[in-house]
Amino acid sequence: MNDLTAQLLNGDGRLAHTLHSSSIPTSANQSSTQMGPMLVAAGKLGQKDLTLILALQKREGLRFGEAALKLGLVQVEDINSILAEQFAYTQTPAQSSQLDHRLSALFQPDSPQAEALRSLRSELMLRYFNNQSQRSLALVSAEDAEGSALAAADLAICFAQLGLRTLLIDTNLRSPQLNRLLHLPEHTPGLSDWLASRTAVAPINIAMVRSLWVLPAGTRAPNPQELLSGKRYQERLAALTQQFDITLISTTPMDSNRDAQIVAAQAGAALLLARQHQTRSQALAAICQRLRDLGVRLLGAAMLGQVKQT
């Protein structure tokens, strides 16, 4: 359990970047030939606007975006959106977004919490996902369904921000958590419906995070353990995960049932999530022993800060 230890959602350090400021690429010629057409294609500018911007840019030696802003032809959000597209970076959603605002990787990208997530992502990339045969990882906690689901969603967003096709699966068939976090309708068909062959189900792309797909838990089933331990789960998940670079599996807390250990055994590897000042060391030790007995590779533990209510 010692080969990976991360301070998740409570880390130190900041990542300085400019994608969410009004800074513009340094080459005026390059920005006018790239940013301008992109803004036109997005319906933000017309050809007459381009002429005005280029004239001001040449006259005052401004960058393209600065000239467009000075003329009042675009908003800062428009420039940020183009920058995000140019750099293949996820733009910070508007405050009106229905996604859960506690998702630090999206809403507070410069925060210590987001930097801690990126550090954890780097460790996992170096120590586990560097092997192409290792694509799935279960995230397991002792007692905190909401906090672990939030951490799973945040970490999945971080992987997707690298441009990696990332799949996030909610295997909490008893009390699904991801629908509310990612603003999916409560009764969206998902994993349980797929495993029961009730309806055809496909992962849902999250519009604000281009490389992130989610397979929600689906209809609350009366037999979650049977669904998760059956041959159909193994076969369908194995085929599904081959379509993605990274698959993170959010699970039920292990203090209430054995669903999580079944899922972890199927995945083959697990990362433990512990709540700061809350999770008891004895509970973690018991989880470790149970998973080791099942042959699950334990990558380590991530310490979660306190969950703030929205």
# chains A, B, ... in the order shown; residues from 1 in each chain; ligands from 1
call {"tool": "residues_around", "arguments": {"residues": "Arg220 (chain A)", "least_positions_apart": "3", "cutoff": "9 Å", "atoms": "only C-alpha atoms", "output": "number ranges by chain"}}
result
A: 173-176, 192-193, 217, 223-224
call {"tool": "atom_distance", "arguments": {"atom1": "CA of Val214 (chain A)", "atom2": "CA of Leu248 (chain A)"}}
result
9.7 Å
call {"tool": "select_by_dssp", "arguments": {"residues": "region 105-309 of chain A", "states": "alpha helix (DSSP H)", "output": "JSON, numbers by chain"}}
result
{"A": [105, 106, 107, 112, 113, 114, 115, 116, 117, 118, 119, 120, 121, 122, 123, 124, 125, 126, 127, 145, 146, 147, 148, 149, 150, 151, 152, 153, 154, 155, 156, 157, 158, 159, 160, 178, 179, 180, 181, 191, 192, 193, 194, 195, 224, 225, 226, 227, 228, 229, 231, 232, 233, 234, 235, 236, 237, 238, 239, 240, 241, 259, 260, 261, 262, 263, 264, 265, 266, 267, 281, 282, 283, 284, 285, 286, 287, 288, 289, 290, 291, 292, 293]}
call {"tool": "closest_residue", "arguments": {"among": "A:Asp293, A:Glu60, A:Asp245, A:Asp255", "to": "Asn131 (chain A)", "atoms": "only C-alpha atoms"}}
result
A:Asp245
call {"tool": "select_by_dssp", "arguments": {"residues": "region 194-236 of chain A", "states": "strand (DSSP E or B)", "output": "ChimeraX atom specification"}}
result
/A:204-205,212-215
call {"tool": "write_last_selection", "arguments": {"atoms": "N, CA and C atoms", "output": "JSON list (two decimals), in the first residue's frame"}}
result
[["chain", "number", "residue", "atom", "x", "y", "z"],
["A", 204, "ILE", "N", -22.37, 8.17, -21.87],
["A", 204, "ILE", "CA", -22.80, 9.52, -22.19],
["A", 204, "ILE", "C", -21.61, 10.47, -22.16],
["A", 205, "ASN", "N", -21.41, 11.21, -23.23],
["A", 205, "ASN", "CA", -20.34, 12.19, -23.26],
["A", 205, "ASN", "C", -20.75, 13.44, -22.48],
["A", 212, "LEU", "N", -14.49, 12.92, -21.91],
["A", 212, "LEU", "CA", -15.04, 12.20, -20.77],
["A", 212, "LEU", "C", -16.41, 11.62, -21.11],
["A", 213, "TRP", "N", -16.55, 10.32, -20.85],
["A", 213, "TRP", "CA", -17.82, 9.63, -20.98],
["A", 213, "TRP", "C", -18.20, 9.02, -19.64],
["A", 214, "VAL", "N", -19.49, 8.94, -19.38],
["A", 214, "VAL", "CA", -19.98, 8.40, -18.11],
["A", 214, "VAL", "C", -21.01, 7.30, -18.38],
["A", 215, "LEU", "N", -20.87, 6.20, -17.69],
["A", 215, "LEU", "CA", -21.90, 5.16, -17.68],
["A", 215, "LEU", "C", -22.56, 5.22, -16.31]]
call {"tool": "residues_around", "arguments": {"residues": "region 40-57 of chain A", "least_positions_apart": "3", "cutoff": "6 Å", "atoms": "only C-alpha atoms", "output": "compact mmCIF listing (two decimals) with N, CA and C atoms, in the first residue's frame"}}
result
# COMPACT_ATOMS: atom_id res chain seq x y z
N PRO A 37 -10.41 33.34 -37.82
CA PRO A 37 -11.32 32.41 -38.49
C PRO A 37 -12.12 31.53 -37.53
N GLU A 60 -1.81 49.76 -33.54
CA GLU A 60 -1.37 49.91 -32.15
C GLU A 60 -0.46 48.77 -31.68
N GLY A 61 -0.16 47.83 -32.57
CA GLY A 61 0.74 46.74 -32.19
C GLY A 61 0.14 45.80 -31.16
N LEU A 62 -1.17 45.61 -31.22
CA LEU A 62 -1.85 44.75 -30.26
C LEU A 62 -1.90 43.31 -30.77
N ALA A 67 -7.03 43.36 -29.48
CA ALA A 67 -7.69 44.32 -30.38
C ALA A 67 -9.19 44.05 -30.44
N ALA A 68 -9.57 42.79 -30.50
CA ALA A 68 -10.99 42.44 -30.57
C ALA A 68 -11.72 42.86 -29.29
call {"tool": "residues_around", "arguments": {"residues": "Ala265 (chain A)", "least_positions_apart": "5", "cutoff": "8 Å", "atoms": "only C-alpha atoms", "output": "list of chain:residue names"}}
result
A:Leu291, A:Leu294, A:Gly295, A:Val296
call {"tool": "write_last_selection", "arguments": {"atoms": "N, CA, C and O atoms", "output": "PDB file, in the first residue's frame"}}
result
ATOM      1  N   LEU A 291      -9.174  -7.037   0.210  1.00  0.00           N
ATOM      2  CA  LEU A 291      -8.859  -6.919  -1.209  1.00  0.00           C
ATOM      3  C   LEU A 291      -7.626  -7.745  -1.576  1.00  0.00           C
ATOM      4  O   LEU A 291      -7.578  -8.370  -2.644  1.00  0.00           O
ATOM      5  N   LEU A 294      -8.364 -11.242  -2.191  1.00  0.00           N
ATOM      6  CA  LEU A 294      -9.012 -11.478  -3.484  1.00  0.00           C
ATOM      7  C   LEU A 294      -8.039 -11.307  -4.653  1.00  0.00           C
ATOM      8  O   LEU A 294      -8.431 -11.433  -5.810  1.00  0.00           O
ATOM      9  N   GLY A 295      -6.794 -10.997  -4.356  1.00  0.00           N
ATOM     10  CA  GLY A 295      -5.799 -10.829  -5.399  1.00  0.00           C
ATOM     11  C   GLY A 295      -5.819  -9.466  -6.059  1.00  0.00           C
ATOM     12  O   GLY A 295      -5.260  -9.288  -7.148  1.00  0.00           O
ATOM     13  N   VAL A 296      -6.451  -8.479  -5.422  1.00  0.00           N
ATOM     14  CA  VAL A 296      -6.529  -7.132  -5.982  1.00  0.00           C
ATOM     15  C   VAL A 296      -5.224  -6.395  -5.706  1.00  0.00           C
ATOM     16  O   VAL A 296      -4.715  -6.397  -4.577  1.00  0.00           O
TER      17      VAL A 296
END
call {"tool": "closest_residue", "arguments": {"among": "A:Leu99, A:Ala221, A:Ala286, A:Ile79", "to": "Ile206 (chain A)", "atoms": "only C-alpha atoms"}}
result
A:Leu99
call {"tool": "atom_distance", "arguments": {"atom1": "CA of Gln177 (chain A)", "atom2": "CA of Asp144 (chain A)"}}
result
11.0 Å
call {"tool": "residues_around", "arguments": {"residues": "region 230-241 of chain A", "least_positions_apart": "2", "cutoff": "8 Å", "atoms": "only C-alpha atoms", "output": "compact mmCIF listing (two decimals) with N, CA and C atoms, in the first residue's frame"}}
result
# COMPACT_ATOMS: atom_id res chain seq x y z
N ARG A 135 -6.12 -0.82 -17.94
CA ARG A 135 -6.97 0.30 -18.33
C ARG A 135 -8.03 0.63 -17.29
N SER A 136 -8.29 -0.28 -16.35
CA SER A 136 -9.39 -0.10 -15.40
C SER A 136 -8.87 0.00 -13.97
N LEU A 167 -13.43 6.89 -19.40
CA LEU A 167 -14.75 6.38 -19.05
C LEU A 167 -14.88 6.33 -17.53
N LEU A 195 -26.87 -4.47 -17.87
CA LEU A 195 -26.56 -5.82 -17.40
C LEU A 195 -27.80 -6.70 -17.36
N GLU A 226 -25.63 -9.72 -7.64
CA GLU A 226 -25.74 -10.71 -8.71
C GLU A 226 -25.37 -10.09 -10.06
N LEU A 227 -25.81 -8.86 -10.28
CA LEU A 227 -25.48 -8.20 -11.55
C LEU A 227 -23.99 -7.94 -11.69
N LEU A 228 -23.36 -7.50 -10.58
CA LEU A 228 -21.95 -7.13 -10.63
C LEU A 228 -21.01 -8.33 -10.62
N GLN A 243 -12.50 0.37 -25.57
CA GLN A 243 -12.77 1.54 -26.39
C GLN A 243 -12.21 2.83 -25.77
N PHE A 244 -11.65 2.72 -24.57
CA PHE A 244 -11.19 3.90 -23.84
C PHE A 244 -9.75 3.72 -23.38
N ASP A 245 -9.08 4.84 -23.17
CA ASP A 245 -7.71 4.81 -22.66
C ASP A 245 -7.68 4.57 -21.16
N ILE A 246 -8.64 5.16 -20.47
CA ILE A 246 -8.70 5.10 -19.00
C ILE A 246 -10.13 4.77 -18.59
N THR A 247 -10.30 3.85 -17.65
CA THR A 247 -11.61 3.59 -17.06
C THR A 247 -11.50 3.66 -15.55
N GLN A 266 -12.90 -7.63 -10.10
CA GLN A 266 -13.05 -7.68 -11.56
C GLN A 266 -12.05 -6.74 -12.24
call {"tool": "residues_around", "arguments": {"residues": "region 153-160 of chain A", "least_positions_apart": "4", "cutoff": "7 Å", "atoms": "only C-alpha atoms", "output": "ChimeraX atom specification"}}
result
/A:103-105,117-118,121,149,164-166,168,209,211-212,248
call {"tool": "closest_residue", "arguments": {"among": "A:Leu271, A:Ala142, A:Leu191, A:Ala200", "to": "Ala285 (chain A)", "atoms": "only C-alpha atoms"}}
result
A:Ala142
call {"tool": "atom_distance", "arguments": {"atom1": "CA of Gly300 (chain A)", "atom2": "CA of Gly218 (chain A)"}}
result
29.4 Å
call {"tool": "residues_around", "arguments": {"residues": "Glu143 (chain A)", "least_positions_apart": "3", "cutoff": "12 Å", "atoms": "only C-alpha atoms", "output": "list in words"}}
result
Val140, Glu146, Gly147, Ser148, Ala149, Thr251, Thr252, Pro253, Met254, Asp255, Ser256, Asn257, Ala260, Leu272, Leu273, Ala274, Arg275, Gln278, Thr279, Arg280, Ala283, Leu284 and Ile287 of chain A
call {"tool": "write_last_selection", "arguments": {"atoms": "C-alpha atoms", "output": "PDB file, in the first residue's frame"}}
result
ATOM      1  CA  VAL A 140     -12.781   2.162  -3.086  1.00  0.00           C
ATOM      2  CA  GLU A 146     -20.678  11.045  -1.883  1.00  0.00           C
ATOM      3  CA  GLY A 147     -17.067  12.024  -1.252  1.00  0.00           C
ATOM      4  CA  SER A 148     -15.601   9.074  -3.133  1.00  0.00           C
ATOM      5  CA  ALA A 149     -17.925   9.660  -6.113  1.00  0.00           C
ATOM      6  CA  THR A 251     -18.024   1.962  -6.082  1.00  0.00           C
ATOM      7  CA  THR A 252     -20.235   1.690  -3.036  1.00  0.00           C
ATOM      8  CA  PRO A 253     -18.620   2.144   0.406  1.00  0.00           C
ATOM      9  CA  MET A 254     -17.206  -1.131   1.717  1.00  0.00           C
ATOM     10  CA  ASP A 255     -18.668  -0.727   5.188  1.00  0.00           C
ATOM     11  CA  SER A 256     -22.214  -1.392   3.996  1.00  0.00           C
ATOM     12  CA  ASN A 257     -21.969  -4.300   1.516  1.00  0.00           C
ATOM     13  CA  ALA A 260     -17.119  -2.765  -4.067  1.00  0.00           C
ATOM     14  CA  LEU A 272      -8.256   3.502  -1.596  1.00  0.00           C
ATOM     15  CA  LEU A 273     -10.000   6.756  -0.729  1.00  0.00           C
ATOM     16  CA  ALA A 274      -9.848   7.857   2.897  1.00  0.00           C
ATOM     17  CA  ARG A 275     -11.616  10.819   4.501  1.00  0.00           C
ATOM     18  CA  GLN A 278     -12.825  10.608   9.654  1.00  0.00           C
ATOM     19  CA  THR A 279     -11.703   7.266   8.224  1.00  0.00           C
ATOM     20  CA  ARG A 280     -10.294   4.968  10.900  1.00  0.00           C
ATOM     21  CA  ALA A 283     -11.205   0.208   8.689  1.00  0.00           C
ATOM     22  CA  LEU A 284      -8.547   0.837   6.026  1.00  0.00           C
ATOM     23  CA  ILE A 287     -10.279  -3.214   3.500  1.00  0.00           C
TER      24      ILE A 287
END
